[in-house]
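Printed here is upload17.cif (mmCIF, C-alpha atoms and all ligand atoms):
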```
data_target
loop_
_atom_site.label_atom_id
_atom_site.label_comp_id
_atom_site.auth_asym_id
_atom_site.auth_seq_id
_atom_site.Cartn_x
_atom_site.Cartn_y
_atom_site.Cartn_z
CA MET A 1 59.23 -93.91 -29.97
CA THR A 2 55.76 -92.39 -29.89
CA HIS A 3 55.73 -88.98 -28.24
CA ASP A 4 52.71 -87.39 -26.63
CA VAL A 5 53.04 -84.40 -28.95
CA ILE A 6 55.21 -83.42 -31.90
CA ILE A 7 55.48 -79.71 -32.54
CA VAL A 8 56.55 -78.64 -36.01
CA GLY A 9 58.16 -75.20 -35.91
CA GLY A 10 60.32 -73.92 -33.05
CA SER A 11 59.79 -70.19 -33.13
CA PHE A 12 57.37 -67.93 -31.21
CA ALA A 13 54.34 -70.23 -31.60
CA GLY A 14 56.10 -73.59 -31.42
CA LEU A 15 58.34 -72.78 -28.45
CA SER A 16 55.36 -71.38 -26.55
CA ALA A 17 53.32 -74.54 -27.19
CA ALA A 18 56.31 -76.67 -26.20
CA MET A 19 56.78 -74.76 -22.94
CA GLN A 20 53.23 -75.51 -21.76
CA LEU A 21 53.54 -79.20 -22.66
CA ALA A 22 57.00 -79.51 -21.09
CA ARG A 23 55.68 -78.01 -17.89
CA ALA A 24 52.81 -80.52 -18.03
CA ARG A 25 55.56 -83.22 -18.08
CA ARG A 26 54.51 -84.60 -21.47
CA SER A 27 57.01 -86.19 -23.84
CA ILE A 28 57.40 -83.85 -26.78
CA LEU A 29 59.52 -83.62 -29.89
CA LEU A 30 60.18 -80.15 -31.26
CA VAL A 31 61.03 -80.27 -34.96
CA ASP A 32 62.45 -77.04 -36.32
CA ALA A 33 64.13 -76.10 -39.58
CA GLY A 34 65.49 -72.88 -38.01
CA LYS A 35 64.08 -70.28 -40.41
CA PRO A 36 61.76 -67.99 -38.41
CA ARG A 37 59.96 -65.41 -40.51
CA ASN A 38 61.62 -62.38 -38.89
CA ARG A 39 65.20 -63.69 -39.29
CA PHE A 40 65.92 -60.87 -41.78
CA ALA A 41 65.44 -58.16 -39.13
CA GLU A 42 68.24 -57.06 -36.81
CA ALA A 43 65.84 -56.50 -33.93
CA SER A 44 62.34 -57.54 -32.93
CA HIS A 45 60.01 -54.92 -31.51
CA GLY A 46 56.86 -54.85 -29.41
CA PHE A 47 57.29 -58.26 -27.74
CA LEU A 48 56.96 -57.49 -24.05
CA GLY A 49 60.26 -57.66 -22.21
CA GLN A 50 62.20 -58.27 -25.45
CA ASP A 51 61.74 -54.96 -27.30
CA GLY A 52 64.76 -54.26 -29.50
CA VAL A 53 66.33 -57.72 -28.96
CA ALA A 54 67.71 -59.67 -31.96
CA PRO A 55 65.25 -62.38 -33.08
CA ALA A 56 67.96 -65.06 -32.82
CA ASP A 57 68.69 -64.06 -29.20
CA ILE A 58 65.00 -64.41 -28.26
CA MET A 59 64.95 -67.87 -29.81
CA ARG A 60 68.22 -68.88 -28.11
CA LEU A 61 66.84 -67.91 -24.70
CA GLY A 62 63.55 -69.72 -25.35
CA LEU A 63 65.39 -72.87 -26.43
CA ARG A 64 67.73 -72.73 -23.44
CA GLN A 65 64.82 -72.44 -21.02
CA LEU A 66 62.92 -75.25 -22.76
CA SER A 67 66.00 -77.52 -22.70
CA ALA A 68 65.85 -77.53 -18.89
CA TYR A 69 62.73 -79.76 -19.00
CA PRO A 70 63.56 -83.49 -19.14
CA THR A 71 60.66 -84.62 -21.35
CA VAL A 72 61.63 -82.43 -24.33
CA SER A 73 63.64 -83.68 -27.29
CA PHE A 74 64.67 -81.77 -30.39
CA PHE A 75 65.13 -82.48 -34.06
CA HIS A 76 66.99 -79.76 -35.95
CA GLY A 77 65.72 -80.19 -39.50
CA GLU A 78 62.52 -80.48 -41.46
CA ALA A 79 59.39 -82.57 -41.13
CA THR A 80 58.91 -83.58 -44.76
CA SER A 81 55.54 -85.35 -44.63
CA ALA A 82 52.83 -86.36 -42.20
CA ALA A 83 50.13 -89.03 -42.07
CA ALA A 84 47.43 -90.05 -39.64
CA GLU A 85 47.65 -93.67 -38.51
CA ASP A 86 45.39 -95.49 -35.99
CA GLY A 87 44.49 -92.37 -34.02
CA ALA A 88 48.10 -91.16 -34.00
CA PHE A 89 50.44 -89.39 -36.43
CA ARG A 90 53.68 -90.28 -38.20
CA LEU A 91 56.10 -87.71 -39.49
CA ALA A 92 58.93 -88.27 -41.95
CA LEU A 93 62.01 -86.21 -41.04
CA SER A 94 64.66 -84.75 -43.32
CA ASP A 95 67.39 -87.17 -42.12
CA GLY A 96 65.30 -90.11 -43.36
CA SER A 97 64.04 -91.10 -39.90
CA GLU A 98 60.42 -91.13 -38.70
CA ALA A 99 58.73 -89.94 -35.52
CA GLY A 100 55.30 -90.65 -34.11
CA ALA A 101 52.97 -88.83 -31.74
CA ARG A 102 49.43 -88.88 -30.41
CA ARG A 103 48.97 -85.17 -31.11
CA LEU A 104 50.50 -82.65 -33.52
CA VAL A 105 50.96 -78.92 -33.19
CA LEU A 106 51.70 -77.24 -36.52
CA ALA A 107 53.56 -73.98 -35.87
CA ASN A 108 55.45 -73.80 -39.15
CA GLY A 109 54.83 -70.15 -40.01
CA VAL A 110 54.39 -68.52 -43.40
CA THR A 111 56.68 -67.45 -46.25
CA ASP A 112 56.54 -63.99 -47.84
CA ALA A 113 56.48 -63.42 -51.62
CA LEU A 114 57.92 -59.94 -52.14
CA PRO A 115 56.53 -58.10 -55.16
CA LEU A 116 59.85 -56.73 -56.55
CA PRO A 117 63.22 -58.58 -56.74
CA SER A 118 65.11 -55.53 -55.40
CA MET A 119 63.09 -55.80 -52.16
CA GLN A 120 64.58 -59.15 -51.10
CA PRO A 121 68.05 -57.93 -49.98
CA ARG A 122 66.38 -55.04 -48.10
CA TRP A 123 63.65 -57.11 -46.39
CA GLY A 124 63.46 -56.46 -42.65
CA VAL A 125 65.85 -53.48 -42.89
CA SER A 126 64.43 -50.80 -45.21
CA VAL A 127 61.60 -52.89 -46.73
CA LEU A 128 59.05 -53.63 -44.05
CA HIS A 129 55.50 -54.86 -43.63
CA CYS A 130 54.44 -53.91 -40.12
CA PRO A 131 54.40 -50.28 -38.93
CA TYR A 132 54.06 -51.39 -35.29
CA CYS A 133 57.16 -53.61 -35.59
CA HIS A 134 59.50 -51.19 -37.39
CA GLY A 135 57.74 -47.85 -37.99
CA TYR A 136 59.30 -46.19 -34.94
CA GLU A 137 62.82 -46.92 -36.22
CA VAL A 138 62.15 -45.10 -39.53
CA ARG A 139 60.16 -42.22 -38.04
CA ASP A 140 60.21 -38.86 -39.84
CA ARG A 141 61.87 -40.35 -42.95
CA PRO A 142 60.16 -40.39 -46.38
CA ILE A 143 57.97 -43.50 -46.44
CA ALA A 144 56.65 -45.34 -49.52
CA VAL A 145 53.82 -47.86 -49.51
CA ILE A 146 54.15 -50.12 -52.55
CA ALA A 147 50.79 -51.79 -53.06
CA ALA A 148 50.79 -55.55 -53.58
CA HIS A 149 47.39 -56.15 -52.07
CA PRO A 150 44.17 -54.19 -51.38
CA MET A 151 45.24 -53.99 -47.69
CA ALA A 152 47.98 -51.58 -48.75
CA VAL A 153 45.46 -48.71 -48.57
CA HIS A 154 45.10 -49.36 -44.84
CA GLN A 155 48.87 -49.39 -44.37
CA ALA A 156 49.05 -46.05 -46.18
CA LEU A 157 46.38 -44.58 -43.91
CA LEU A 158 48.32 -45.59 -40.77
CA LEU A 159 51.82 -44.64 -41.81
CA PRO A 160 51.60 -40.82 -41.65
CA ASP A 161 51.85 -41.25 -37.86
CA TRP A 162 55.47 -42.28 -38.51
CA GLY A 163 56.51 -40.13 -41.48
CA PRO A 164 55.51 -38.39 -44.73
CA THR A 165 53.87 -41.11 -46.85
CA THR A 166 53.43 -41.75 -50.58
CA TYR A 167 51.11 -44.52 -51.77
CA PHE A 168 52.18 -46.27 -55.01
CA THR A 169 49.19 -47.98 -56.66
CA GLN A 170 51.49 -49.98 -58.99
CA GLY A 171 48.74 -49.43 -61.54
CA GLN A 172 46.70 -52.18 -59.84
CA PHE A 173 45.45 -51.05 -56.46
CA GLU A 174 43.66 -47.79 -57.15
CA PRO A 175 41.99 -46.47 -53.97
CA SER A 176 38.24 -45.87 -54.07
CA ALA A 177 37.06 -42.25 -54.05
CA GLU A 178 36.36 -42.57 -50.33
CA GLU A 179 39.80 -44.06 -49.61
CA ALA A 180 41.49 -41.37 -51.70
CA ALA A 181 39.67 -38.71 -49.67
CA GLN A 182 40.80 -40.37 -46.42
CA MET A 183 44.37 -40.46 -47.72
CA GLY A 184 44.13 -36.80 -48.64
CA ALA A 185 42.94 -35.96 -45.12
CA ARG A 186 45.96 -37.87 -43.72
CA GLY A 187 48.37 -36.07 -46.07
CA VAL A 188 49.21 -39.20 -48.12
CA SER A 189 50.36 -38.54 -51.70
CA ILE A 190 49.20 -40.97 -54.41
CA GLU A 191 51.54 -42.00 -57.26
CA ARG A 192 50.17 -44.11 -60.12
CA THR A 193 53.37 -44.72 -62.12
CA PRO A 194 54.70 -48.13 -61.01
CA VAL A 195 57.92 -48.51 -59.02
CA VAL A 196 60.27 -50.82 -60.93
CA GLU A 197 63.35 -50.79 -58.68
CA LEU A 198 64.57 -49.78 -55.25
CA LEU A 199 67.84 -47.81 -55.16
CA GLY A 200 70.39 -47.54 -52.32
CA GLU A 201 73.53 -49.11 -50.86
CA GLY A 202 73.25 -52.66 -49.47
CA ALA A 203 70.07 -53.14 -47.48
CA THR A 204 69.28 -49.41 -47.32
CA THR A 205 66.87 -47.57 -49.61
CA ARG A 206 67.40 -43.98 -50.72
CA ALA A 207 65.00 -43.71 -53.67
CA LEU A 208 62.60 -45.57 -55.94
CA ARG A 209 62.97 -45.75 -59.72
CA LEU A 210 59.62 -45.44 -61.51
CA ALA A 211 58.65 -46.94 -64.86
CA ASP A 212 58.94 -43.49 -66.51
CA GLY A 213 62.56 -43.12 -65.30
CA ARG A 214 61.88 -40.69 -62.43
CA GLU A 215 63.59 -41.24 -59.05
CA VAL A 216 61.47 -40.53 -55.98
CA PRO A 217 63.14 -40.25 -52.53
CA ALA A 218 62.12 -42.95 -50.06
CA GLU A 219 64.05 -44.33 -47.09
CA ALA A 220 61.50 -46.83 -45.80
CA VAL A 221 59.28 -48.99 -48.01
CA PHE A 222 56.23 -50.75 -46.63
CA THR A 223 54.48 -53.52 -48.50
CA ALA A 224 52.05 -56.30 -47.60
CA PRO A 225 53.48 -59.34 -49.41
CA ALA A 226 51.37 -62.34 -50.29
CA THR A 227 51.98 -65.14 -47.79
CA ARG A 228 51.79 -68.91 -48.03
CA VAL A 229 51.89 -71.49 -45.24
CA SER A 230 55.52 -72.64 -45.14
CA SER A 231 54.90 -76.38 -45.12
CA PRO A 232 52.46 -78.73 -46.91
CA LEU A 233 51.93 -80.85 -43.74
CA ALA A 234 48.50 -79.35 -42.88
CA ALA A 235 47.27 -79.89 -46.42
CA GLU A 236 48.61 -83.47 -46.42
CA LEU A 237 46.71 -84.20 -43.22
CA GLY A 238 43.51 -82.81 -44.75
CA CYS A 239 43.21 -79.69 -42.57
CA ALA A 240 40.75 -77.04 -43.77
CA PHE A 241 42.08 -73.58 -44.68
CA ASP A 242 40.60 -70.08 -44.44
CA ASP A 243 41.30 -67.06 -46.63
CA GLY A 244 43.33 -64.47 -44.70
CA MET A 245 44.27 -60.90 -45.57
CA THR A 246 47.45 -61.86 -47.43
CA GLY A 247 46.97 -65.57 -48.10
CA ARG A 248 45.33 -68.76 -46.93
CA HIS A 249 45.95 -70.01 -43.40
CA ILE A 250 45.08 -73.16 -41.47
CA GLN A 251 41.56 -73.00 -40.05
CA VAL A 252 41.44 -73.33 -36.25
CA ASP A 253 38.79 -73.05 -33.54
CA PRO A 254 39.24 -70.78 -30.48
CA MET A 255 41.46 -73.47 -28.85
CA GLN A 256 43.68 -73.80 -31.97
CA GLN A 257 42.17 -77.18 -32.93
CA THR A 258 42.22 -77.68 -36.70
CA SER A 259 39.47 -79.47 -38.64
CA VAL A 260 41.45 -82.73 -38.15
CA PRO A 261 41.02 -84.19 -34.63
CA GLY A 262 44.33 -84.30 -32.77
CA VAL A 263 46.01 -81.71 -34.98
CA PHE A 264 46.43 -78.23 -33.50
CA ALA A 265 47.94 -75.22 -35.28
CA ALA A 266 49.25 -71.88 -34.06
CA GLY A 267 51.08 -68.75 -35.09
CA ASP A 268 51.22 -67.08 -38.50
CA ALA A 269 50.32 -70.37 -40.24
CA ALA A 270 46.95 -70.37 -38.48
CA ALA A 271 46.04 -66.68 -38.28
CA ALA A 272 45.07 -63.75 -40.46
CA VAL A 273 46.97 -61.23 -38.30
CA HIS A 274 50.67 -61.85 -37.88
CA ASN A 275 52.75 -60.74 -34.91
CA ALA A 276 55.23 -62.42 -32.57
CA THR A 277 53.15 -61.86 -29.42
CA LEU A 278 49.98 -63.16 -31.08
CA ALA A 279 51.89 -66.20 -32.37
CA SER A 280 53.26 -66.88 -28.92
CA ALA A 281 49.82 -66.54 -27.30
CA ALA A 282 48.29 -68.91 -29.86
CA GLY A 283 51.13 -71.36 -29.20
CA VAL A 284 50.30 -71.32 -25.48
CA LEU A 285 46.66 -72.11 -26.30
CA ALA A 286 47.63 -74.91 -28.69
CA GLY A 287 49.93 -76.47 -26.10
CA VAL A 288 47.25 -76.32 -23.41
CA ALA A 289 44.58 -77.66 -25.77
CA ALA A 290 46.79 -80.57 -26.90
CA HIS A 291 47.47 -81.45 -23.27
CA ARG A 292 43.79 -81.30 -22.33
CA SER A 293 42.82 -83.49 -25.26
CA LEU A 294 45.32 -86.16 -24.09
CA VAL A 295 43.86 -86.01 -20.58
CA ALA A 296 40.29 -86.23 -21.94
CA GLU A 297 41.19 -89.19 -24.16
CA ALA A 298 42.73 -91.10 -21.24
CA ALA A 299 39.62 -90.41 -19.12
CA ALA A 300 37.37 -91.65 -21.92
CA GLN A 301 39.47 -94.82 -22.31
CA ARG A 302 39.26 -95.48 -18.54
CA GLY A 303 35.49 -94.94 -18.72
CA ALA A 304 35.16 -97.39 -21.59
CA ALA A 305 37.29 -100.00 -19.82
CA ALA A 306 35.34 -99.73 -16.52
C1 LIG B 401 61.03 -58.96 -41.64
C2 LIG B 401 60.05 -59.22 -40.54
C3 LIG B 401 60.19 -58.58 -39.31
C4 LIG B 401 59.25 -58.79 -38.30
N1 LIG B 401 59.37 -58.11 -37.14
C5 LIG B 401 58.48 -58.30 -36.14
C6 LIG B 401 58.58 -57.55 -34.93
O1 LIG B 401 59.48 -56.72 -34.76
N2 LIG B 401 57.65 -57.77 -33.99
C7 LIG B 401 56.62 -58.68 -34.15
O2 LIG B 401 55.79 -58.83 -33.24
N3 LIG B 401 56.52 -59.39 -35.28
C8 LIG B 401 57.42 -59.24 -36.28
N4 LIG B 401 57.31 -59.94 -37.44
C9 LIG B 401 56.29 -61.01 -37.53
C10 LIG B 401 56.84 -62.26 -36.81
O3 LIG B 401 58.09 -62.60 -37.36
C11 LIG B 401 55.87 -63.43 -36.95
O4 LIG B 401 54.57 -63.04 -36.55
C12 LIG B 401 56.37 -64.60 -36.07
O5 LIG B 401 57.68 -64.96 -36.41
C13 LIG B 401 55.44 -65.79 -36.25
O6 LIG B 401 55.90 -66.82 -35.44
P1 LIG B 401 55.59 -68.33 -35.82
O7 LIG B 401 56.17 -69.13 -34.68
O8 LIG B 401 54.18 -68.50 -36.16
O9 LIG B 401 56.40 -68.63 -37.18
P2 LIG B 401 57.92 -68.39 -37.58
O10 LIG B 401 58.60 -67.42 -36.69
O11 LIG B 401 57.92 -68.08 -39.03
O12 LIG B 401 58.60 -69.81 -37.33
C14 LIG B 401 58.22 -70.95 -38.04
C15 LIG B 401 59.29 -72.00 -37.81
O13 LIG B 401 58.86 -73.25 -38.38
C16 LIG B 401 59.92 -73.82 -39.11
N5 LIG B 401 59.37 -74.74 -40.12
C17 LIG B 401 58.59 -74.46 -41.19
N6 LIG B 401 58.26 -75.59 -41.85
C18 LIG B 401 58.86 -76.60 -41.17
C19 LIG B 401 58.93 -78.00 -41.36
N7 LIG B 401 58.28 -78.62 -42.37
N8 LIG B 401 59.67 -78.73 -40.49
C20 LIG B 401 60.32 -78.14 -39.47
N9 LIG B 401 60.29 -76.80 -39.23
C21 LIG B 401 59.58 -76.06 -40.08
C22 LIG B 401 60.66 -72.62 -39.71
O14 LIG B 401 61.97 -72.97 -40.12
C23 LIG B 401 60.61 -71.65 -38.51
O15 LIG B 401 61.71 -71.84 -37.66
C24 LIG B 401 58.20 -59.72 -38.49
C25 LIG B 401 58.08 -60.39 -39.72
C26 LIG B 401 58.97 -60.12 -40.74
C27 LIG B 401 58.80 -60.82 -42.07
#
```
In structure tokens, how does this file's structure come out?
Amino acid sequence: MTHDVIIVGGSFAGLSAAMQLARARRSILLVDAGKPRNRFAEASHGFLGQDGVAPADIMRLGLRQLSAYPTVSFFHGEATSAAAEDGAFRLALSDGSEAGARRLVLANGVTDALPLPSMQPRWGVSVLHCPYCHGYEVRDRPIAVIAAHPMAVHQALLLPDWGPTTYFTQGQFEPSAEEAAQMGARGVSIERTPVVELLGEGATTRALRLADGREVPAEAVFTAPATRVSSPLAAELGCAFDDGMTGRHIQVDPMQQTSVPGVFAAGDAAAAVHNATLASAAGVLAGVAAHRSLVAEAAAQRGAAA
């Protein structure tokens, strides 16, 4: 069966795109592998009406509401490859089947590459990337910023609003004289000896072990990991990419149209700034834009036939 739209990714961006298209009574297939980026966190913050709610509960509610629309179908698994074919698209799915659609929305998110192995079990609990998402929960505790990217300086400048902050250059991300002065004015300490390991029970952090053997107290660690788009589908389809702050992302216009006609993209995979609300808003735009392009195509075909 050829759907009007296939949406790859069923999290904030994908569900939001799907909701617009379902309400426009279009036949859609939502393909989702079930690994949203924030699944490591116990609670999601800052999403209006859902502050403090578990990410999985937000997704469950979104899916339940979407399931009420009769033109929506779901595939729980992965889209493994995509190709354009006669003005439409074919996707291979992880169960060996195929699905086709006249439009695609890529909402497949990004994957984080954490700079130290001991960060992985603490990710989303005591190792964090977004002060607005989790800073309030670790307020007034000793905070470390472990640089993995030049943007780390900006994180370090923000974080004193939540707690006493030390910036670890890791021997690679030395602030400029101007940045060091700004850090000084904000009360940020600078440590140049690299952190080699995080210490603490389970997912908690109590201290950092430095390369010279010292242990420095820290209960919350912020880092800006490198990101990569979670699926090769956009690249396979020939979509252009832009350089973002932490990695490349799919290039889109203001209506979330990629460089390939008929392919829309939304959420972290198609943005330099990553946040659940922004992903959801971009998903809404992508859904609306995909719908409008189907309407415009039908009008053009009627015009040509007349
Ligand atoms: C630890 C952590 C905590 C965070 N906390 C917050 C917070 O409190 N507040 C906030 O606003 N933001 C938070 N964020 C950011 C937020 O998680 C992202 O901005 C948001 O999830 C992006 O939504 P998305 O729909 O673009 O992608 P994602 O949520 O990453 O979802 C992408 C979906 O696509 C699926 N997928 C990928 N490839 C394929 C494929 N080939 N086939 C099928 N499915 C596929 C994935 O399995 C996944 O389900 C946090 C991020 C992290 C890492």
Q: May I have the residues within 7 Å of ligand LIG 401 (chain B), computed using all atoms listed in the file, as an MDAnalysis selection string?
A: chainID A and resid 8:14 31:41 43:47 77:80 107:110 112 123:124 128:129 133:134 230:231 233 266:269 274:277 279:280
Q: Quick one: pull the distance between atom CA of Gly49 of chain A and atom CA of Phe75 of chain A, Å, one decimal.
A: 27.9 Å
Q | For atom CA of Met19 of chain A and atom CA of Leu91 of chain A, the interatomic separation in Å (one decimal) | A |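 Computing the Euclidean distance for atom CA of Met19 of chain A and atom CA of Leu91 of chain A yields 21.0 Å.
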Q. Skipping near chain neighbours, those fewer than 6 positions away, what residues fall within 6 Å of segment 240-244 of chain A using all atoms listed in the file, listed as a VMD selection string?
A. chain A and resid 250 to 251 259 272
Q. Can you tell me how far atom CA of Met151 of chain A sits from atom CA of Gly163 of chain A, in Å to one decimal?
A.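 Interatomic distance, atom CA of Met151 of chain A to atom CA of Gly163 of chain A: 18.9 Å.
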Near-Ala83 of chain A list (10 Å; only C-alpha atoms; drop same-chain fewer than 6 positions) as a tab-separated table (two decimals) with C-alpha atoms, in the frame of the given file:
```tsv
chain	number	residue	atom	x	y	z
A	89	PHE	CA	50.44	-89.39	-36.43
A	90	ARG	CA	53.68	-90.28	-38.20
A	91	LEU	CA	56.10	-87.71	-39.49
A	92	ALA	CA	58.93	-88.27	-41.95
A	100	GLY	CA	55.30	-90.65	-34.11
A	233	LEU	CA	51.93	-80.85	-43.74
A	234	ALA	CA	48.50	-79.35	-42.88
A	236	GLU	CA	48.61	-83.47	-46.42
A	237	LEU	CA	46.71	-84.20	-43.22
A	238	GLY	CA	43.51	-82.81	-44.75
```
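Across A:Arg214, A:Arg302, A:Arg103, A:Ser94, the tightest approach to Ala290 of chain A is made by A:Arg103 when counting all atoms listed in the file.
Using only C-alpha atoms, the shortest contact distance between Cys130 of chain A and any of A:Thr204, A:Thr71, A:Thr223, A:Gln257 is found at A:Thr223.
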Q | Residue with smallest distance to Val229 of chain A - pool A:Thr166, A:Thr246, A:Thr111, A:Gln65, counting all atoms listed in the file | A |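 Going through A:Thr166, A:Thr246, A:Thr111, A:Gln65 one by one, the smallest distance to Val229 of chain A is for A:Thr111.
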Q.
Give me, as a PyMOL selection string, all polymer residues having an atom no more than 8 Å from Ala226 of chain A, counting all atoms listed in the file and skipping those fewer than 2 positions away in the same chain.
A. chain A and resi 112-114+148-149+224+228+246-247
Write the residues of the selection above to a file with C-alpha atoms, as a compact mmCIF listing (two decimals), keeping the file's coordinate frame.
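Listed below is the output, again19.txt:
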```txt
# COMPACT_ATOMS: atom_id res chain seq x y z
CA ASP A 112 56.54 -63.99 -47.84
CA ALA A 113 56.48 -63.42 -51.62
CA LEU A 114 57.92 -59.94 -52.14
CA ALA A 148 50.79 -55.55 -53.58
CA HIS A 149 47.39 -56.15 -52.07
CA ALA A 224 52.05 -56.30 -47.60
CA ARG A 228 51.79 -68.91 -48.03
CA THR A 246 47.45 -61.86 -47.43
CA GLY A 247 46.97 -65.57 -48.10
```
Q: For each of A:Pro232, A:Gly52, A:Pro70, A:Pro261, take the minimum atom-to-atom distance to Gly87 of chain A, counting only C-alpha atoms, then give the residue where this is smallest.
A: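 Distance minimum relative to Gly87 of chain A lands on A:Pro261.
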Using all atoms listed in the file, tabulate the residues of segment 186-256 of chain A lying at most 7 Å from any atom of segment 137-144 of chain A, each with its closest atom pair and that distance in Å to one decimal, by chain and increasing residue number, as CSV.
```
residue,atom,partner,partner_atom,distance
A:Pro217,CA,A:Pro142,CA,6.8
A:Ala218,CA,A:Pro142,CA,4.9
A:Glu219,CA,A:Pro142,CA,5.6
A:Ala220,CA,A:Ile143,CA,4.9
A:Val221,CA,A:Ala144,CA,4.7
A:Phe222,CA,A:Ala144,CA,6.1
```
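Proximity of A:Val105, A:Ala56, A:Ala181, A:Ala22 to Val252 of chain A, computed with all atoms listed in the file, is greatest for A:Val105.
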Would you please take segment 137-148 of chain A of the structure in the block above and write N, CA, C and O atoms to a file as a short mmCIF file (atom, residue, chain, number, x, y, z; two decimals), in the first residue's frame?
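The resulting result14.cif:
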```cif
data_model
loop_
_atom_site.label_atom_id
_atom_site.label_comp_id
_atom_site.auth_asym_id
_atom_site.auth_seq_id
_atom_site.Cartn_x
_atom_site.Cartn_y
_atom_site.Cartn_z
N GLU A 137 17.17 20.80 38.88
CA GLU A 137 17.19 19.61 39.75
C GLU A 137 18.53 19.43 40.47
O GLU A 137 18.61 18.71 41.46
N VAL A 138 19.60 20.05 39.95
CA VAL A 138 20.92 19.90 40.61
C VAL A 138 21.39 21.24 41.19
O VAL A 138 22.57 21.43 41.44
N ARG A 139 20.44 22.13 41.42
CA ARG A 139 20.78 23.47 41.89
C ARG A 139 21.56 23.43 43.21
O ARG A 139 21.34 22.56 44.04
N ASP A 140 22.51 24.35 43.33
CA ASP A 140 23.32 24.55 44.53
C ASP A 140 24.32 23.43 44.81
O ASP A 140 24.99 23.43 45.83
N ARG A 141 24.41 22.45 43.89
CA ARG A 141 25.42 21.38 44.06
C ARG A 141 26.66 21.74 43.24
O ARG A 141 26.56 22.51 42.28
N PRO A 142 27.83 21.17 43.60
CA PRO A 142 29.03 21.47 42.80
C PRO A 142 28.88 20.93 41.37
O PRO A 142 28.60 19.75 41.17
N ILE A 143 29.06 21.84 40.40
CA ILE A 143 28.83 21.51 38.99
C ILE A 143 30.16 21.52 38.24
O ILE A 143 30.97 22.43 38.43
N ALA A 144 30.37 20.51 37.39
CA ALA A 144 31.55 20.47 36.52
C ALA A 144 31.08 20.58 35.08
O ALA A 144 30.08 19.97 34.70
N VAL A 145 31.81 21.36 34.29
CA VAL A 145 31.59 21.35 32.84
C VAL A 145 32.82 20.69 32.23
O VAL A 145 33.94 21.21 32.37
N ILE A 146 32.64 19.54 31.61
CA ILE A 146 33.76 18.83 30.98
C ILE A 146 33.71 19.13 29.49
O ILE A 146 32.78 18.70 28.79
N ALA A 147 34.69 19.89 29.02
CA ALA A 147 34.64 20.37 27.64
C ALA A 147 34.87 19.23 26.66
O ALA A 147 35.79 18.43 26.81
N ALA A 148 33.96 19.18 25.65
CA ALA A 148 34.14 18.22 24.55
C ALA A 148 33.97 18.96 23.24
O ALA A 148 33.93 18.34 22.18
#
```
